[in-house]
file data-v8.tsv (TSV, C-alpha atoms)
chain	number	residue	atom	x	y	z
A	1	MET	CA	12.84	6.33	-13.84
A	2	ARG	CA	9.38	7.78	-13.29
A	3	CYS	CA	6.60	5.46	-12.17
A	4	ALA	CA	2.88	6.08	-11.83
A	5	ILE	CA	1.44	4.30	-8.82
A	6	ILE	CA	-2.27	3.53	-9.00
A	7	ALA	CA	-4.67	1.37	-7.03
A	8	ASP	CA	-8.33	0.41	-7.03
A	9	ILE	CA	-9.35	1.46	-10.53
A	10	HIS	CA	-12.55	-0.52	-9.96
A	11	ALA	CA	-13.73	-0.48	-13.56
A	12	ASN	CA	-14.17	3.30	-13.49
A	13	LEU	CA	-13.04	4.24	-16.98
A	14	GLU	CA	-13.73	7.97	-16.58
A	15	ALA	CA	-11.53	8.18	-13.48
A	16	PHE	CA	-8.80	6.00	-15.00
A	17	THR	CA	-8.76	7.98	-18.24
A	18	ALA	CA	-8.54	11.26	-16.31
A	19	VAL	CA	-5.59	9.98	-14.29
A	20	LEU	CA	-3.72	8.70	-17.35
A	21	GLY	CA	-4.39	11.95	-19.19
A	22	GLU	CA	-2.97	13.99	-16.32
A	23	ILE	CA	0.08	11.71	-16.14
A	24	GLU	CA	0.75	12.28	-19.83
A	25	HIS	CA	0.26	16.03	-19.31
A	26	GLN	CA	2.99	15.89	-16.66
A	27	GLY	CA	5.43	14.31	-19.11
A	28	GLY	CA	4.50	10.65	-18.85
A	29	VAL	CA	6.13	7.81	-16.97
A	30	ASP	CA	8.33	4.83	-17.73
A	31	GLU	CA	6.14	2.31	-15.90
A	32	VAL	CA	2.71	2.08	-14.32
A	33	TRP	CA	2.52	0.14	-11.06
A	34	SER	CA	-1.01	-1.09	-10.33
A	35	LEU	CA	-1.82	-2.27	-6.81
A	36	GLY	CA	-4.85	-4.35	-7.71
A	37	ASP	CA	-8.63	-4.20	-8.02
A	38	ILE	CA	-8.66	-3.23	-11.65
A	39	VAL	CA	-12.26	-4.49	-11.77
A	40	GLY	CA	-15.22	-4.60	-9.40
A	41	TYR	CA	-17.93	-2.06	-8.49
A	42	GLY	CA	-17.70	-0.05	-11.72
A	43	PRO	CA	-19.28	-0.39	-15.18
A	44	ASP	CA	-16.21	-0.80	-17.43
A	45	PRO	CA	-14.13	-3.81	-16.36
A	46	VAL	CA	-13.05	-4.83	-19.87
A	47	PRO	CA	-12.10	-1.33	-21.12
A	48	CYS	CA	-10.08	-0.71	-17.94
A	49	ILE	CA	-8.15	-3.97	-18.31
A	50	GLU	CA	-7.47	-3.24	-21.96
A	51	LEU	CA	-6.40	0.35	-21.27
A	52	LEU	CA	-3.98	-0.71	-18.53
A	53	ARG	CA	-2.45	-3.33	-20.82
A	54	ARG	CA	-1.51	-0.63	-23.36
A	55	TYR	CA	1.04	0.69	-20.88
A	56	ASN	CA	4.37	-0.72	-19.73
A	57	HIS	CA	3.04	-1.90	-16.41
A	58	VAL	CA	3.16	-4.33	-13.55
A	59	SER	CA	0.06	-5.21	-11.57
A	60	VAL	CA	-0.76	-7.36	-8.58
A	61	ALA	CA	-4.10	-9.03	-7.89
A	62	GLY	CA	-6.75	-7.46	-5.71
A	63	ASN	CA	-9.63	-9.17	-3.95
A	64	HIS	CA	-12.15	-8.04	-6.59
A	65	ASP	CA	-9.86	-9.23	-9.39
A	66	ARG	CA	-9.71	-12.68	-7.83
A	67	ALA	CA	-13.43	-12.84	-7.02
A	68	ALA	CA	-14.33	-11.97	-10.61
A	69	ILE	CA	-12.54	-15.11	-11.83
A	70	GLY	CA	-13.74	-17.43	-9.06
A	71	LYS	CA	-10.50	-17.38	-7.06
A	72	LEU	CA	-12.08	-15.82	-3.96
A	73	GLU	CA	-15.38	-16.72	-2.33
A	74	LEU	CA	-18.09	-14.06	-2.45
A	75	SER	CA	-18.71	-14.67	1.26
A	76	PHE	CA	-15.79	-12.28	1.85
A	77	PHE	CA	-17.85	-9.43	0.33
A	78	ASN	CA	-20.86	-7.43	1.45
A	79	PRO	CA	-24.03	-8.06	-0.61
A	80	LEU	CA	-23.59	-5.01	-2.87
A	81	ALA	CA	-19.96	-5.80	-3.62
A	82	ALA	CA	-20.82	-9.46	-4.24
A	83	GLU	CA	-23.54	-8.44	-6.69
A	84	ALA	CA	-21.05	-6.26	-8.56
A	85	CYS	CA	-18.56	-9.15	-8.61
A	86	ARG	CA	-21.13	-11.43	-10.24
A	87	TRP	CA	-22.00	-8.71	-12.77
A	88	THR	CA	-18.29	-8.27	-13.59
A	89	ALA	CA	-17.64	-11.99	-13.98
A	90	ALA	CA	-20.41	-12.27	-16.55
A	91	ARG	CA	-18.76	-9.67	-18.77
A	92	LEU	CA	-15.17	-10.86	-18.87
A	93	GLY	CA	-13.92	-12.63	-21.98
A	94	LYS	CA	-11.46	-15.51	-21.90
A	95	GLU	CA	-8.52	-13.19	-22.55
A	96	HIS	CA	-9.48	-10.92	-19.67
A	97	VAL	CA	-9.96	-13.86	-17.32
A	98	ARG	CA	-6.54	-15.19	-18.31
A	99	TYR	CA	-4.96	-11.80	-17.65
A	100	LEU	CA	-6.49	-11.61	-14.17
A	101	GLU	CA	-5.55	-15.22	-13.45
A	102	ASN	CA	-1.91	-14.44	-14.19
A	103	LEU	CA	-1.68	-11.46	-11.84
A	104	PRO	CA	0.72	-12.24	-8.96
A	105	LEU	CA	-0.18	-11.60	-5.34
A	106	THR	CA	3.03	-9.62	-4.82
A	107	ALA	CA	5.64	-8.01	-7.06
A	108	ASP	CA	9.12	-6.63	-6.40
A	109	ARG	CA	10.26	-3.46	-8.14
A	110	GLY	CA	13.68	-2.46	-6.83
A	111	ASP	CA	13.26	-0.99	-3.33
A	112	PHE	CA	9.50	-1.59	-3.43
A	113	LEU	CA	7.20	-4.48	-2.63
A	114	LEU	CA	3.83	-4.14	-4.35
A	115	VAL	CA	0.73	-5.74	-2.79
A	116	HIS	CA	-2.98	-5.01	-2.75
A	117	GLY	CA	-3.80	-5.61	0.91
A	118	SER	CA	-0.74	-6.03	3.10
A	119	PRO	CA	2.52	-7.99	3.22
A	120	THR	CA	0.87	-10.28	5.79
A	121	ASP	CA	-2.22	-10.89	3.67
A	122	PRO	CA	-1.74	-9.55	0.13
A	123	VAL	CA	-5.41	-9.87	-0.81
A	124	LEU	CA	-7.64	-9.16	2.17
A	125	GLU	CA	-5.97	-7.21	4.98
A	126	TYR	CA	-6.54	-3.45	5.24
A	127	VAL	CA	-3.58	-1.37	6.47
A	128	MET	CA	-5.59	1.35	8.18
A	129	SER	CA	-3.77	2.02	11.46
A	130	THR	CA	-0.29	2.33	12.90
A	131	GLY	CA	-0.86	-0.89	14.82
A	132	ILE	CA	-1.58	-2.91	11.69
A	133	ALA	CA	1.26	-1.21	9.82
A	134	ALA	CA	3.74	-1.87	12.65
A	135	ARG	CA	3.01	-5.60	12.56
A	136	ASN	CA	3.45	-5.73	8.77
A	137	PHE	CA	6.95	-4.27	8.67
A	138	ALA	CA	8.26	-7.66	9.80
A	139	PHE	CA	6.78	-9.33	6.72
A	140	PHE	CA	8.77	-7.61	3.97
A	141	GLY	CA	12.48	-7.08	3.50
A	142	SER	CA	12.52	-4.17	1.05
A	143	ALA	CA	12.78	-0.53	2.06
A	144	TYR	CA	9.23	0.32	1.02
A	145	CYS	CA	5.90	-1.40	0.54
A	146	LEU	CA	3.09	-0.04	-1.64
A	147	VAL	CA	-0.46	-1.08	-0.75
A	148	GLY	CA	-4.01	-0.31	-1.90
A	149	HIS	CA	-7.34	-1.79	-0.81
A	150	THR	CA	-8.42	0.96	1.64
A	151	HIS	CA	-9.02	3.59	-1.09
A	152	VAL	CA	-7.48	6.14	1.31
A	153	PRO	CA	-4.06	7.80	0.82
A	154	ALA	CA	-1.80	7.04	3.77
A	155	ALA	CA	1.80	6.49	4.76
A	156	PHE	CA	3.32	4.75	7.78
A	157	LYS	CA	6.97	5.03	8.81
A	158	GLU	CA	9.02	2.56	10.85
A	159	GLU	CA	11.26	4.70	13.03
A	160	ASP	CA	13.40	3.73	16.05
A	161	GLY	CA	11.43	0.56	16.63
A	162	SER	CA	8.04	2.26	16.48
A	163	CYS	CA	5.54	3.15	13.77
A	164	ARG	CA	3.94	6.50	13.07
A	165	SER	CA	1.63	7.94	10.46
A	166	VAL	CA	3.10	10.34	7.90
A	167	ALA	CA	1.06	13.16	6.39
A	168	MET	CA	0.25	12.86	2.67
A	169	THR	CA	-0.59	16.19	1.02
A	170	PRO	CA	-1.49	16.27	-2.69
A	171	GLY	CA	1.16	17.99	-4.76
A	172	ILE	CA	3.72	18.06	-1.94
A	173	GLY	CA	6.61	15.69	-2.53
A	174	MET	CA	7.77	13.21	0.09
A	175	MET	CA	11.47	12.32	0.02
A	176	LEU	CA	12.07	8.62	0.50
A	177	GLY	CA	15.15	8.05	2.63
A	178	ALA	CA	16.52	5.44	5.00
A	179	ASP	CA	13.33	4.96	7.02
A	180	ARG	CA	11.13	2.10	5.90
A	181	LEU	CA	7.63	3.03	4.73
A	182	ILE	CA	4.27	1.51	3.87
A	183	ILE	CA	2.50	3.83	1.41
A	184	ASN	CA	-1.00	3.84	-0.05
A	185	PRO	CA	-1.67	6.14	-3.05
A	186	GLY	CA	-5.44	6.11	-2.51
A	187	GLY	CA	-8.06	4.93	-4.98
A	188	VAL	CA	-8.42	5.86	-8.63
A	189	GLY	CA	-11.98	4.71	-9.16
A	190	GLN	CA	-13.66	4.85	-5.75
A	191	PRO	CA	-11.95	7.19	-3.24
A	192	ARG	CA	-13.14	6.81	0.34
A	193	ASP	CA	-11.50	9.71	2.19
A	194	GLY	CA	-14.29	12.22	1.59
A	195	ASP	CA	-12.69	13.61	-1.56
A	196	PRO	CA	-14.36	12.14	-4.67
A	197	SER	CA	-11.51	13.08	-7.02
A	198	ALA	CA	-9.29	10.26	-8.29
A	199	SER	CA	-6.11	9.66	-6.32
A	200	TYR	CA	-2.74	8.44	-7.59
A	201	ALA	CA	0.99	9.03	-7.13
A	202	ILE	CA	4.19	9.44	-9.12
A	203	TYR	CA	7.61	8.29	-7.92
A	204	ASP	CA	10.83	9.61	-9.46
A	205	SER	CA	13.73	7.28	-8.68
A	206	ARG	CA	16.34	9.93	-9.50
A	207	SER	CA	15.07	12.49	-7.02
A	208	ARG	CA	13.59	9.78	-4.76
A	209	ILE	CA	10.45	11.90	-4.43
A	210	PHE	CA	7.01	10.35	-4.05
A	211	ARG	CA	4.21	12.76	-4.88
A	212	LEU	CA	0.46	12.30	-4.39
A	213	PHE	CA	-2.04	13.81	-6.84
A	214	ARG	CA	-5.82	14.27	-6.97
A	215	ILE	CA	-7.67	14.82	-10.24
A	216	PRO	CA	-11.39	15.44	-10.84
A	217	TYR	CA	-13.26	13.32	-13.36
A	218	ASP	CA	-16.77	13.01	-14.79
A	219	ILE	CA	-18.45	11.27	-11.86
A	220	GLU	CA	-21.94	11.68	-13.31
A	221	ALA	CA	-20.95	9.84	-16.50
A	222	THR	CA	-19.74	6.86	-14.45
A	223	GLN	CA	-22.88	6.93	-12.33
A	224	GLN	CA	-25.15	6.94	-15.38
A	225	LYS	CA	-23.28	3.97	-16.85
A	226	MET	CA	-23.69	2.07	-13.58
A	227	LEU	CA	-27.40	2.74	-13.41
A	228	ARG	CA	-27.94	1.73	-17.04
A	229	ALA	CA	-25.98	-1.47	-16.37
A	230	GLY	CA	-28.22	-2.34	-13.44
A	231	LEU	CA	-25.47	-2.14	-10.84
A	232	PRO	CA	-26.61	-1.27	-7.29
A	233	VAL	CA	-27.71	2.34	-6.94
A	234	GLN	CA	-25.78	2.72	-3.68
A	235	LEU	CA	-22.50	1.94	-5.46
A	236	ALA	CA	-23.18	4.74	-7.92
A	237	THR	CA	-24.28	7.39	-5.41
A	238	ARG	CA	-21.28	6.86	-3.11
A	239	LEU	CA	-18.89	8.04	-5.83
A	240	ALA	CA	-20.02	11.66	-5.45
A	241	ALA	CA	-19.41	11.57	-1.70
A	242	GLY	CA	-15.99	9.97	-1.87
A	243	ARG	CA	-17.06	7.38	0.70
call {"tool": "encode", "arguments": {"input": "data-v8.tsv", "output": "structure tokens"}}
result
Amino acid sequence: MRCAIIADIHANLEAFTAVLGEIEHQGGVDEVWSLGDIVGYGPDPVPCIELLRRYNHVSVAGNHDRAAIGKLELSFFNPLAAEACRWTAARLGKEHVRYLENLPLTADRGDFLLVHGSPTDPVLEYVMSTGIAARNFAFFGSAYCLVGHTHVPAAFKEEDGSCRSVAMTPGIGMMLGADRLIINPGGVGQPRDGDPSASYAIYDSRSRIFRLFRIPYDIEATQQKMLRAGLPVQLATRLAAGR
């Protein structure tokens, strides 16, 4: 089975469409695994929800997904993010709210646990260091955990009682073996590693290879939509910097 692994679409339809187009160009997948934050920040929350729902997919809830439906206090967000959350909430229909309400905090897919933040705190914790990753290995029993939230591709391996970072190079496959891993495929709609191109991954269960990909998209089109919608200018400009 081939699975596309995506995170942090953030209502960026141009980025999401580019990723899905590239996936189809590569032969398609059997399932799409979404690691949360379908909405928030970007100008197209409803189209992104509807596009994801066309695919055979499983998705967990992210912090922006929950904030948009009143399930997370806006005090957890910086002022710009909170403003975007309020803008998003005002544009969701009942069907879209119901979809987001039904997203689980975690999901199990064979050898994988899917969460947005971390196994310890599925909604809010950022797995950004070996120290945080090391503590989280005790909180899931599967071989691998897939996380989002940081918008930065990363992998952490539990090995001989310690934890180390594993290099993630776009296009270069990573064989998944006996060592337990926490893996982040990076962000589709708002990358923050200095590369503005959309980030995603594909996992092939037959070969057991996990492969990271980066794909350019029409950033200016997304920015213009955001400005016309009245979303904060800073949220639009950061897309070009990948920060």
call {"tool": "residues_around", "arguments": {"input": "data-v8.tsv", "residues": "Asp179 of chain A", "least_positions_apart": "6", "cutoff": "7 Å", "atoms": "only C-alpha atoms", "output": "VMD selection string"}}
result
chain A and resid 157 to 159
call {"tool": "closest_residue", "arguments": {"input": "data-v8.tsv", "among": "A:Val29, A:Arg2, A:Tyr200, A:Leu181", "to": "Thr169 of chain A", "atoms": "only C-alpha atoms"}}
result
A:Tyr200
call {"tool": "atom_distance", "arguments": {"input": "data-v8.tsv", "atom1": "atom CA of Asn184 of chain A", "atom2": "atom CA of Leu146 of chain A"}}
result
5.9 Å
call {"tool": "closest_residue", "arguments": {"input": "data-v8.tsv", "among": "A:Val60, A:Ala68, A:Ala134, A:Ile215", "to": "Thr106 of chain A", "atoms": "only C-alpha atoms"}}
result
A:Val60
call {"tool": "atom_distance", "arguments": {"input": "data-v8.tsv", "atom1": "atom CA of Phe139 of chain A", "atom2": "atom CA of Gly62 of chain A"}}
result
18.5 Å
call {"tool": "atom_distance", "arguments": {"input": "data-v8.tsv", "atom1": "atom CA of Ala155 of chain A", "atom2": "atom CA of Leu176 of chain A"}}
result
11.3 Å
call {"tool": "closest_residue", "arguments": {"input": "data-v8.tsv", "among": "A:Ala198, A:Leu20, A:Ile172, A:Ile182", "to": "Asn136 of chain A", "atoms": "only C-alpha atoms"}}
result
A:Ile182
call {"tool": "closest_residue", "arguments": {"input": "data-v8.tsv", "among": "A:Ala11, A:Met175, A:Val123, A:Met168", "to": "Ala84 of chain A", "atoms": "only C-alpha atoms"}}
result
A:Ala11
call {"tool": "residues_near_point", "arguments": {"input": "data-v8.tsv", "point": "(6.9, -0.7, -7.2)", "cutoff": "9 Å", "atoms": "all atoms listed in the file", "output": "PyMOL selection string"}}
result
chain A and resi 3+5+32-35+58+107-114+144-146
call {"tool": "closest_residue", "arguments": {"input": "data-v8.tsv", "among": "A:Gly40, A:Gly28, A:Gly70, A:Pro191", "to": "Leu231 of chain A", "atoms": "all atoms listed in the file"}}
result
A:Gly40
call {"tool": "residues_around", "arguments": {"input": "data-v8.tsv", "residues": "Tyr203 of chain A", "least_positions_apart": "2", "cutoff": "8 Å", "atoms": "all atoms listed in the file", "output": "list in words"}}
result
Arg2, Cys3, Ala4, Ile5, Ala201, Ser205, Arg208, Ile209, Phe210 and Arg211 of chain A
call {"tool": "write_last_selection", "arguments": {"input": "data-v8.tsv", "atoms": "C-alpha atoms", "output": "compact mmCIF listing (two decimals), keeping the file's coordinate frame"}}
result
# COMPACT_ATOMS: atom_id res chain seq x y z
CA ARG A 2 9.38 7.78 -13.29
CA CYS A 3 6.60 5.46 -12.17
CA ALA A 4 2.88 6.08 -11.83
CA ILE A 5 1.44 4.30 -8.82
CA ALA A 201 0.99 9.03 -7.13
CA SER A 205 13.73 7.28 -8.68
CA ARG A 208 13.59 9.78 -4.76
CA ILE A 209 10.45 11.90 -4.43
CA PHE A 210 7.01 10.35 -4.05
CA ARG A 211 4.21 12.76 -4.88
call {"tool": "residues_around", "arguments": {"input": "data-v8.tsv", "residues": "segment 71-77 of chain A", "least_positions_apart": "4", "cutoff": "12 Å", "atoms": "all atoms listed in the file", "output": "PyMOL selection string"}}
result
chain A and resi 40-41+61-67+81-86+89+97+100-103+105+123-125
call {"tool": "write_last_selection", "arguments": {"input": "data-v8.tsv", "atoms": "C-alpha atoms", "output": "mmCIF file, in the frame of the given file"}}
result
data_model
loop_
_atom_site.group_PDB
_atom_site.id
_atom_site.type_symbol
_atom_site.label_atom_id
_atom_site.label_comp_id
_atom_site.auth_asym_id
_atom_site.auth_seq_id
_atom_site.Cartn_x
_atom_site.Cartn_y
_atom_site.Cartn_z
ATOM 1 C CA GLY A 40 -15.220 -4.600 -9.400
ATOM 2 C CA TYR A 41 -17.930 -2.060 -8.490
ATOM 3 C CA ALA A 61 -4.100 -9.030 -7.890
ATOM 4 C CA GLY A 62 -6.750 -7.460 -5.710
ATOM 5 C CA ASN A 63 -9.630 -9.170 -3.950
ATOM 6 C CA HIS A 64 -12.150 -8.040 -6.590
ATOM 7 C CA ASP A 65 -9.860 -9.230 -9.390
ATOM 8 C CA ARG A 66 -9.710 -12.680 -7.830
ATOM 9 C CA ALA A 67 -13.430 -12.840 -7.020
ATOM 10 C CA ALA A 81 -19.960 -5.800 -3.620
ATOM 11 C CA ALA A 82 -20.820 -9.460 -4.240
ATOM 12 C CA GLU A 83 -23.540 -8.440 -6.690
ATOM 13 C CA ALA A 84 -21.050 -6.260 -8.560
ATOM 14 C CA CYS A 85 -18.560 -9.150 -8.610
ATOM 15 C CA ARG A 86 -21.130 -11.430 -10.240
ATOM 16 C CA ALA A 89 -17.640 -11.990 -13.980
ATOM 17 C CA VAL A 97 -9.960 -13.860 -17.320
ATOM 18 C CA LEU A 100 -6.490 -11.610 -14.170
ATOM 19 C CA GLU A 101 -5.550 -15.220 -13.450
ATOM 20 C CA ASN A 102 -1.910 -14.440 -14.190
ATOM 21 C CA LEU A 103 -1.680 -11.460 -11.840
ATOM 22 C CA LEU A 105 -0.180 -11.600 -5.340
ATOM 23 C CA VAL A 123 -5.410 -9.870 -0.810
ATOM 24 C CA LEU A 124 -7.640 -9.160 2.170
ATOM 25 C CA GLU A 125 -5.970 -7.210 4.980
#
call {"tool": "closest_residue", "arguments": {"input": "data-v8.tsv", "among": "A:Arg238, A:Phe16, A:His10, A:Asp195", "to": "Asp218 of chain A", "atoms": "all atoms listed in the file"}}
result
A:Phe16
call {"tool": "residues_around", "arguments": {"input": "data-v8.tsv", "residues": "Tyr126 of chain A", "least_positions_apart": "4", "cutoff": "9 Å", "atoms": "all atoms listed in the file", "output": "list in words"}}
result
His116, Gly117, Ser118, Asp121, Ile132, Val147, Gly148, His149 and Thr150 of chain A
call {"tool": "residues_around", "arguments": {"input": "data-v8.tsv", "residues": "Leu51 of chain A", "least_positions_apart": "6", "cutoff": "12 Å", "atoms": "only C-alpha atoms", "output": "PyMOL selection string"}}
result
chain A and resi 9+11-14+16-17+19-21+32+38+44-45+57+96
call {"tool": "axis_aligned_box", "arguments": {"input": "data-v8.tsv", "around": "segment 178-195 of chain A", "padding_each_side": "6 Å", "output": "lines of an AutoDock Vina configuration file"}}
result
center_x = 1.1
center_y = 7.6
center_z = -1.1
size_x = 42.8
size_y = 24.1
size_z = 28.2
call {"tool": "build_atoms", "arguments": {"input": "data-v8.tsv", "residues": "segment 153-168 of chain A", "atoms": "N, CA and C atoms", "output": "PDB file, keeping the file's coordinate frame"}}
result
ATOM      1  N   PRO A 153      -5.500   7.545   0.813  1.00  0.00           N
ATOM      2  CA  PRO A 153      -4.060   7.800   0.820  1.00  0.00           C
ATOM      3  C   PRO A 153      -3.520   7.792   2.252  1.00  0.00           C
ATOM      4  N   ALA A 154      -2.385   7.130   2.428  1.00  0.00           N
ATOM      5  CA  ALA A 154      -1.800   7.040   3.770  1.00  0.00           C
ATOM      6  C   ALA A 154      -0.350   6.607   3.670  1.00  0.00           C
ATOM      7  N   ALA A 155       0.422   6.947   4.693  1.00  0.00           N
ATOM      8  CA  ALA A 155       1.800   6.490   4.760  1.00  0.00           C
ATOM      9  C   ALA A 155       2.143   6.211   6.221  1.00  0.00           C
ATOM     10  N   PHE A 156       2.900   5.146   6.441  1.00  0.00           N
ATOM     11  CA  PHE A 156       3.320   4.750   7.780  1.00  0.00           C
ATOM     12  C   PHE A 156       4.827   4.529   7.759  1.00  0.00           C
ATOM     13  N   LYS A 157       5.503   5.100   8.748  1.00  0.00           N
ATOM     14  CA  LYS A 157       6.970   5.030   8.810  1.00  0.00           C
ATOM     15  C   LYS A 157       7.419   4.212  10.019  1.00  0.00           C
ATOM     16  N   GLU A 158       8.370   3.286   9.766  1.00  0.00           N
ATOM     17  CA  GLU A 158       9.020   2.560  10.850  1.00  0.00           C
ATOM     18  C   GLU A 158      10.228   3.384  11.289  1.00  0.00           C
ATOM     19  N   GLU A 159      10.243   3.762  12.561  1.00  0.00           N
ATOM     20  CA  GLU A 159      11.260   4.700  13.030  1.00  0.00           C
ATOM     21  C   GLU A 159      11.632   4.374  14.474  1.00  0.00           C
ATOM     22  N   ASP A 160      12.900   4.013  14.690  1.00  0.00           N
ATOM     23  CA  ASP A 160      13.400   3.730  16.050  1.00  0.00           C
ATOM     24  C   ASP A 160      12.543   2.693  16.767  1.00  0.00           C
ATOM     25  N   GLY A 161      12.175   1.648  16.028  1.00  0.00           N
ATOM     26  CA  GLY A 161      11.430   0.560  16.630  1.00  0.00           C
ATOM     27  C   GLY A 161       9.952   0.820  16.818  1.00  0.00           C
ATOM     28  N   SER A 162       9.470   1.959  16.369  1.00  0.00           N
ATOM     29  CA  SER A 162       8.040   2.260  16.480  1.00  0.00           C
ATOM     30  C   SER A 162       7.483   2.572  15.097  1.00  0.00           C
ATOM     31  N   CYS A 163       6.192   2.852  15.043  1.00  0.00           N
ATOM     32  CA  CYS A 163       5.540   3.150  13.770  1.00  0.00           C
ATOM     33  C   CYS A 163       4.683   4.401  13.950  1.00  0.00           C
ATOM     34  N   ARG A 164       4.774   5.310  13.003  1.00  0.00           N
ATOM     35  CA  ARG A 164       3.940   6.500  13.070  1.00  0.00           C
ATOM     36  C   ARG A 164       3.371   6.819  11.695  1.00  0.00           C
ATOM     37  N   SER A 165       2.262   7.513  11.701  1.00  0.00           N
ATOM     38  CA  SER A 165       1.630   7.940  10.460  1.00  0.00           C
ATOM     39  C   SER A 165       2.348   9.162   9.913  1.00  0.00           C
ATOM     40  N   VAL A 166       2.445   9.229   8.577  1.00  0.00           N
ATOM     41  CA  VAL A 166       3.100  10.340   7.900  1.00  0.00           C
ATOM     42  C   VAL A 166       2.059  11.066   7.054  1.00  0.00           C
ATOM     43  N   ALA A 167       2.033  12.385   7.138  1.00  0.00           N
ATOM     44  CA  ALA A 167       1.060  13.160   6.390  1.00  0.00           C
ATOM     45  C   ALA A 167       1.299  13.033   4.884  1.00  0.00           C
ATOM     46  N   MET A 168       0.196  12.923   4.133  1.00  0.00           N
ATOM     47  CA  MET A 168       0.250  12.860   2.670  1.00  0.00           C
ATOM     48  C   MET A 168      -0.585  14.022   2.137  1.00  0.00           C
TER      49      MET A 168
END
